[in-house]
file entry_29.json (JSON, C-alpha atoms)
[["chain", "number", "residue", "atom", "x", "y", "z"],
["A", 1, "MET", "CA", 4.51, -5.27, -19.42],
["A", 2, "SER", "CA", 1.11, -5.29, -20.99],
["A", 3, "GLU", "CA", -1.89, -3.56, -19.58],
["A", 4, "ILE", "CA", -4.15, -5.85, -17.55],
["A", 5, "GLU", "CA", -7.92, -5.75, -17.76],
["A", 6, "PHE", "CA", -9.94, -4.70, -14.74],
["A", 7, "ILE", "CA", -13.01, -2.66, -13.94],
["A", 8, "SER", "CA", -12.24, 1.07, -13.86],
["A", 9, "ALA", "CA", -13.59, 2.98, -10.88],
["A", 10, "SER", "CA", -16.67, 5.03, -11.64],
["A", 11, "LEU", "CA", -16.70, 8.80, -11.38],
["A", 12, "GLY", "CA", -19.11, 8.60, -8.44],
["A", 13, "ARG", "CA", -16.78, 6.34, -6.46],
["A", 14, "ARG", "CA", -13.79, 8.53, -7.27],
["A", 15, "LEU", "CA", -15.60, 11.67, -6.14],
["A", 16, "ALA", "CA", -16.89, 9.99, -2.96],
["A", 17, "ALA", "CA", -13.36, 8.86, -2.09],
["A", 18, "LEU", "CA", -12.11, 12.38, -2.88],
["A", 19, "VAL", "CA", -14.57, 13.92, -0.41],
["A", 20, "TYR", "CA", -13.67, 11.37, 2.27],
["A", 21, "ASP", "CA", -9.94, 11.91, 1.72],
["A", 22, "GLY", "CA", -10.44, 15.68, 1.58],
["A", 23, "LEU", "CA", -11.85, 15.67, 5.11],
["A", 24, "LEU", "CA", -8.95, 13.56, 6.30],
["A", 25, "MET", "CA", -6.43, 15.76, 4.48],
["A", 26, "PHE", "CA", -7.94, 18.84, 6.13],
["A", 27, "ALA", "CA", -7.25, 17.29, 9.54],
["A", 28, "VAL", "CA", -3.69, 16.38, 8.52],
["A", 29, "LEU", "CA", -3.05, 19.94, 7.28],
["A", 30, "VAL", "CA", -4.43, 21.43, 10.50],
["A", 31, "ILE", "CA", -1.90, 19.34, 12.43],
["A", 32, "ALA", "CA", 0.87, 20.23, 9.96],
["A", 33, "SER", "CA", -0.04, 23.91, 10.35],
["A", 34, "ALA", "CA", 0.05, 23.65, 14.13],
["A", 35, "LEU", "CA", 3.57, 22.20, 13.88],
["A", 36, "THR", "CA", 4.71, 25.42, 12.16],
["A", 37, "ILE", "CA", 3.67, 27.69, 15.04],
["A", 38, "PRO", "CA", 7.02, 27.58, 16.88],
["A", 39, "PHE", "CA", 8.80, 28.56, 13.64],
["A", 40, "THR", "CA", 6.49, 31.41, 12.62],
["A", 41, "GLY", "CA", 6.43, 33.50, 15.77],
["A", 42, "GLY", "CA", 3.16, 31.99, 16.94],
["A", 43, "LYS", "CA", 1.24, 32.98, 13.81],
["A", 44, "GLY", "CA", 1.11, 29.61, 12.03],
["A", 45, "ALA", "CA", 0.37, 29.84, 8.32],
["A", 46, "GLU", "CA", -1.30, 33.23, 8.60],
["A", 47, "HIS", "CA", 0.45, 34.82, 5.62],
["A", 48, "TYR", "CA", 1.68, 33.46, 2.30],
["A", 49, "SER", "CA", 5.16, 32.00, 2.44],
["A", 50, "PRO", "CA", 6.88, 30.01, -0.32],
["A", 51, "VAL", "CA", 8.57, 27.88, 2.35],
["A", 52, "LEU", "CA", 5.23, 27.01, 3.95],
["A", 53, "THR", "CA", 3.73, 26.29, 0.54],
["A", 54, "VAL", "CA", 6.49, 23.78, -0.21],
["A", 55, "TYR", "CA", 6.07, 22.33, 3.29],
["A", 56, "PHE", "CA", 2.32, 21.81, 2.86],
["A", 57, "LEU", "CA", 2.78, 20.34, -0.63],
["A", 58, "ALA", "CA", 5.37, 17.94, 0.79],
["A", 59, "VAL", "CA", 2.96, 16.91, 3.56],
["A", 60, "ILE", "CA", 0.19, 16.26, 1.02],
["A", 61, "PHE", "CA", 2.51, 14.31, -1.28],
["A", 62, "LEU", "CA", 3.98, 12.19, 1.51],
["A", 63, "PHE", "CA", 0.55, 11.43, 2.92],
["A", 64, "ASN", "CA", -0.95, 10.36, -0.43],
["A", 65, "GLY", "CA", 2.27, 8.81, -1.73],
["A", 66, "TRP", "CA", 2.60, 6.58, 1.30],
["A", 67, "PHE", "CA", -0.93, 5.24, 0.88],
["A", 68, "TRP", "CA", -0.54, 4.83, -2.90],
["A", 69, "THR", "CA", 2.74, 2.93, -2.54],
["A", 70, "HIS", "CA", 1.51, 0.81, 0.38],
["A", 71, "GLY", "CA", -1.54, -0.97, -0.96],
["A", 72, "GLY", "CA", -2.67, 1.59, -3.54],
["A", 73, "GLN", "CA", -5.46, 2.96, -1.37],
["A", 74, "THR", "CA", -5.99, 6.05, 0.72],
["A", 75, "LEU", "CA", -8.60, 5.65, 3.46],
["A", 76, "GLY", "CA", -11.29, 7.11, 1.21],
["A", 77, "MET", "CA", -10.30, 4.77, -1.61],
["A", 78, "ARG", "CA", -10.46, 1.83, 0.79],
["A", 79, "ALA", "CA", -13.96, 2.84, 1.94],
["A", 80, "TRP", "CA", -15.18, 3.02, -1.66],
["A", 81, "ARG", "CA", -13.31, -0.12, -2.79],
["A", 82, "ILE", "CA", -11.10, 1.51, -5.38],
["A", 83, "GLN", "CA", -7.37, 1.08, -5.79],
["A", 84, "LEU", "CA", -4.52, 2.78, -7.63],
["A", 85, "LEU", "CA", -2.26, 0.40, -9.55],
["A", 86, "LYS", "CA", 0.18, 0.51, -12.42],
["A", 87, "LYS", "CA", -1.44, -0.34, -15.73],
["A", 88, "SER", "CA", 0.32, -3.71, -15.47],
["A", 89, "GLY", "CA", -1.50, -4.40, -12.19],
["A", 90, "GLU", "CA", 1.56, -4.00, -9.99],
["A", 91, "PRO", "CA", 1.74, -1.67, -6.98],
["A", 92, "VAL", "CA", 2.54, 1.98, -7.64],
["A", 93, "ASP", "CA", 6.11, 3.10, -6.89],
["A", 94, "TRP", "CA", 7.21, 6.49, -5.50],
["A", 95, "LYS", "CA", 8.14, 7.78, -8.95],
["A", 96, "GLN", "CA", 4.64, 7.15, -10.29],
["A", 97, "ALA", "CA", 3.11, 8.58, -7.11],
["A", 98, "PHE", "CA", 5.17, 11.73, -7.64],
["A", 99, "TYR", "CA", 4.09, 12.05, -11.30],
["A", 100, "ARG", "CA", 0.45, 11.55, -10.29],
["A", 101, "PHE", "CA", 0.80, 14.18, -7.56],
["A", 102, "LEU", "CA", 2.39, 16.70, -9.96],
["A", 103, "ALA", "CA", -0.33, 16.08, -12.53],
["A", 104, "SER", "CA", -2.95, 16.82, -9.86],
["A", 105, "LEU", "CA", -1.54, 20.21, -8.91],
["A", 106, "PRO", "CA", -3.25, 22.27, -11.66],
["A", 107, "PHE", "CA", -6.67, 20.96, -10.61],
["A", 108, "TRP", "CA", -6.02, 21.73, -6.95],
["A", 109, "ALA", "CA", -4.65, 25.17, -7.81],
["A", 110, "PHE", "CA", -8.00, 25.98, -9.42],
["A", 111, "VAL", "CA", -9.86, 24.65, -6.38],
["A", 112, "VAL", "CA", -7.77, 26.77, -4.03],
["A", 113, "ILE", "CA", -8.09, 29.88, -6.17],
["A", 114, "THR", "CA", -11.87, 29.61, -6.50],
["A", 115, "LEU", "CA", -12.84, 28.29, -3.08],
["A", 116, "VAL", "CA", -10.19, 29.44, -0.65],
["A", 117, "ILE", "CA", -8.91, 32.70, -2.08],
["A", 118, "GLY", "CA", -12.27, 33.67, -3.56],
["A", 119, "ASN", "CA", -10.99, 34.71, -6.99],
["A", 120, "GLN", "CA", -13.61, 33.58, -9.49],
["A", 121, "THR", "CA", -11.52, 33.84, -12.67],
["A", 122, "ILE", "CA", -8.04, 32.92, -13.79],
["A", 123, "LYS", "CA", -6.09, 35.06, -16.28],
["A", 124, "ILE", "CA", -4.81, 32.69, -18.94],
["A", 125, "GLY", "CA", -3.20, 34.84, -21.59],
["A", 126, "LEU", "CA", -2.42, 38.24, -23.01],
["A", 127, "ASP", "CA", -5.50, 38.85, -25.16],
["A", 128, "LEU", "CA", -7.75, 36.05, -23.96],
["A", 129, "GLU", "CA", -10.79, 36.68, -21.84],
["A", 130, "SER", "CA", -10.75, 35.31, -18.33],
["A", 131, "ILE", "CA", -12.30, 31.89, -17.99],
["A", 132, "PRO", "CA", -14.20, 30.98, -14.82],
["A", 133, "ALA", "CA", -12.01, 28.55, -12.89],
["A", 134, "TRP", "CA", -14.80, 26.04, -12.36],
["A", 135, "VAL", "CA", -14.78, 25.40, -16.12],
["A", 136, "PHE", "CA", -11.46, 23.58, -15.78],
["A", 137, "TYR", "CA", -12.69, 20.97, -13.35],
["A", 138, "VAL", "CA", -15.99, 20.60, -15.19],
["A", 139, "VAL", "CA", -13.93, 19.75, -18.28],
["A", 140, "ALA", "CA", -11.92, 17.23, -16.25],
["A", 141, "THR", "CA", -15.13, 15.60, -15.01],
["A", 142, "ILE", "CA", -16.62, 15.46, -18.50],
["A", 143, "TRP", "CA", -13.40, 13.83, -19.70],
["A", 144, "LEU", "CA", -14.00, 10.99, -17.24],
["A", 145, "LEU", "CA", -17.57, 10.59, -18.46],
["A", 146, "ILE", "CA", -16.86, 10.41, -22.21],
["A", 147, "ASP", "CA", -13.39, 8.87, -22.38],
["A", 148, "GLN", "CA", -13.26, 5.38, -23.90],
["A", 149, "LYS", "CA", -11.02, 4.22, -21.08],
["A", 150, "PRO", "CA", -12.25, 6.03, -17.99],
["A", 151, "ASN", "CA", -8.99, 7.43, -16.77],
["A", 152, "ASN", "CA", -7.79, 10.99, -16.56],
["A", 153, "TRP", "CA", -4.63, 12.93, -17.26],
["A", 154, "ARG", "CA", -3.14, 11.89, -13.90],
["A", 155, "ASP", "CA", -3.57, 8.24, -14.83],
["A", 156, "ARG", "CA", -2.11, 8.80, -18.28],
["A", 157, "ILE", "CA", 0.89, 10.81, -17.05],
["A", 158, "SER", "CA", 1.69, 8.40, -14.20],
["A", 159, "ASN", "CA", 0.88, 5.23, -16.20],
["A", 160, "THR", "CA", -1.65, 4.12, -13.58],
["A", 161, "ARG", "CA", -5.28, 3.03, -13.37],
["A", 162, "VAL", "CA", -7.88, 3.37, -10.65],
["A", 163, "ARG", "CA", -9.76, 0.09, -10.42],
["A", 164, "TYR", "CA", -12.95, -0.90, -8.66],
["A", 165, "PHE", "CA", -13.06, -4.20, -6.89],
["A", 166, "ASP", "CA", -16.10, -5.99, -5.55],
["A", 167, "LYS", "CA", -15.20, -7.36, -2.12],
["A", 168, "ASN", "CA", -17.43, -10.38, -2.79],
["A", 169, "LYS", "CA", -15.54, -11.29, -5.97],
["A", 170, "THR", "CA", -11.97, -10.39, -4.96]]

call {"tool": "encode", "arguments": {"input": "entry_29.json", "output": "structure tokens"}}
result
Amino acid sequence: MSEIEFISASLGRRLAALVYDGLLMFAVLVIASALTIPFTGGKGAEHYSPVLTVYFLAVIFLFNGWFWTHGGQTLGMRAWRIQLLKKSGEPVDWKQAFYRFLASLPFWAFVVITLVIGNQTIKIGLDLESIPAWVFYVVATIWLLIDQKPNNWRDRISNTRVRYFDKNKT
């Protein structure tokens, strides 16, 4: 199918929806963490565990994937009137939601490393100097600002678009 024309969501709307959804995701992860207490000897997610990491990633994927495949909007996206669709304008399927989620993981790994763990640099090679982690998401943001078609690597990998819709015109 051919790509349909629609208004791409602005960076400001995307970031506002991200903050809104981030607060909601925090609440969901607190509940998901509390559900692990009976299985971790009453300690919850106190220490690193590969099993818990996979569990939390699955919770995040299922949460976002369900919203993306059922209307194309998380609650934050709904509040800011943006929607995730296939480039053809059809609803996103689980395969595309999974690709989009996987493509988002490097960005979120940098966020976790810099904000949660407190490590300010990421080693990226044998002889290369360390690059501050914030550089990676500054580059991603600049990409959105200068790209001819304002979409990012997640949109390109998952063959999706994030559109803005004016509730008065739609």

call {"tool": "residues_near_point", "arguments": {"input": "entry_29.json", "point": "(-8.9, 15.2, 1.7)", "cutoff": "12 Å", "atoms": "all atoms listed in the file", "output": "short mmCIF file (atom, residue, chain, number, x, y, z; two decimals) with C-alpha atoms, in the coordinates of the input"}}
result
data_model
loop_
_atom_site.label_atom_id
_atom_site.label_comp_id
_atom_site.auth_asym_id
_atom_site.auth_seq_id
_atom_site.Cartn_x
_atom_site.Cartn_y
_atom_site.Cartn_z
CA LEU A 15 -15.60 11.67 -6.14
CA ALA A 16 -16.89 9.99 -2.96
CA ALA A 17 -13.36 8.86 -2.09
CA LEU A 18 -12.11 12.38 -2.88
CA VAL A 19 -14.57 13.92 -0.41
CA TYR A 20 -13.67 11.37 2.27
CA ASP A 21 -9.94 11.91 1.72
CA GLY A 22 -10.44 15.68 1.58
CA LEU A 23 -11.85 15.67 5.11
CA LEU A 24 -8.95 13.56 6.30
CA MET A 25 -6.43 15.76 4.48
CA PHE A 26 -7.94 18.84 6.13
CA ALA A 27 -7.25 17.29 9.54
CA VAL A 28 -3.69 16.38 8.52
CA LEU A 29 -3.05 19.94 7.28
CA VAL A 30 -4.43 21.43 10.50
CA ILE A 60 0.19 16.26 1.02
CA PHE A 61 2.51 14.31 -1.28
CA PHE A 63 0.55 11.43 2.92
CA ASN A 64 -0.95 10.36 -0.43
CA THR A 74 -5.99 6.05 0.72
CA LEU A 75 -8.60 5.65 3.46
CA GLY A 76 -11.29 7.11 1.21
CA MET A 77 -10.30 4.77 -1.61
CA TRP A 108 -6.02 21.73 -6.95
#

call {"tool": "closest_residue", "arguments": {"input": "entry_29.json", "among": "A:Gly12, A:Gly71, A:Gly65, A:Pro50", "to": "A:Glu90", "atoms": "only C-alpha atoms"}}
result
A:Gly71

call {"tool": "atom_distance", "arguments": {"input": "entry_29.json", "atom1": "atom CA of A:Ile82", "atom2": "atom CA of A:Ala9"}}
result
6.2 Å

call {"tool": "residues_around", "arguments": {"input": "entry_29.json", "residues": "A:Thr160", "least_positions_apart": "4", "cutoff": "8 Å", "atoms": "only C-alpha atoms", "output": "list in words"}}
result
Leu84, Leu85, Lys86, Lys87, Val92, Gln96, Arg154, Asp155 and Arg156 of chain A

call {"tool": "atom_distance", "arguments": {"input": "entry_29.json", "atom1": "atom CA of A:Ser33", "atom2": "atom CA of A:Phe67"}}
result
21.0 Å
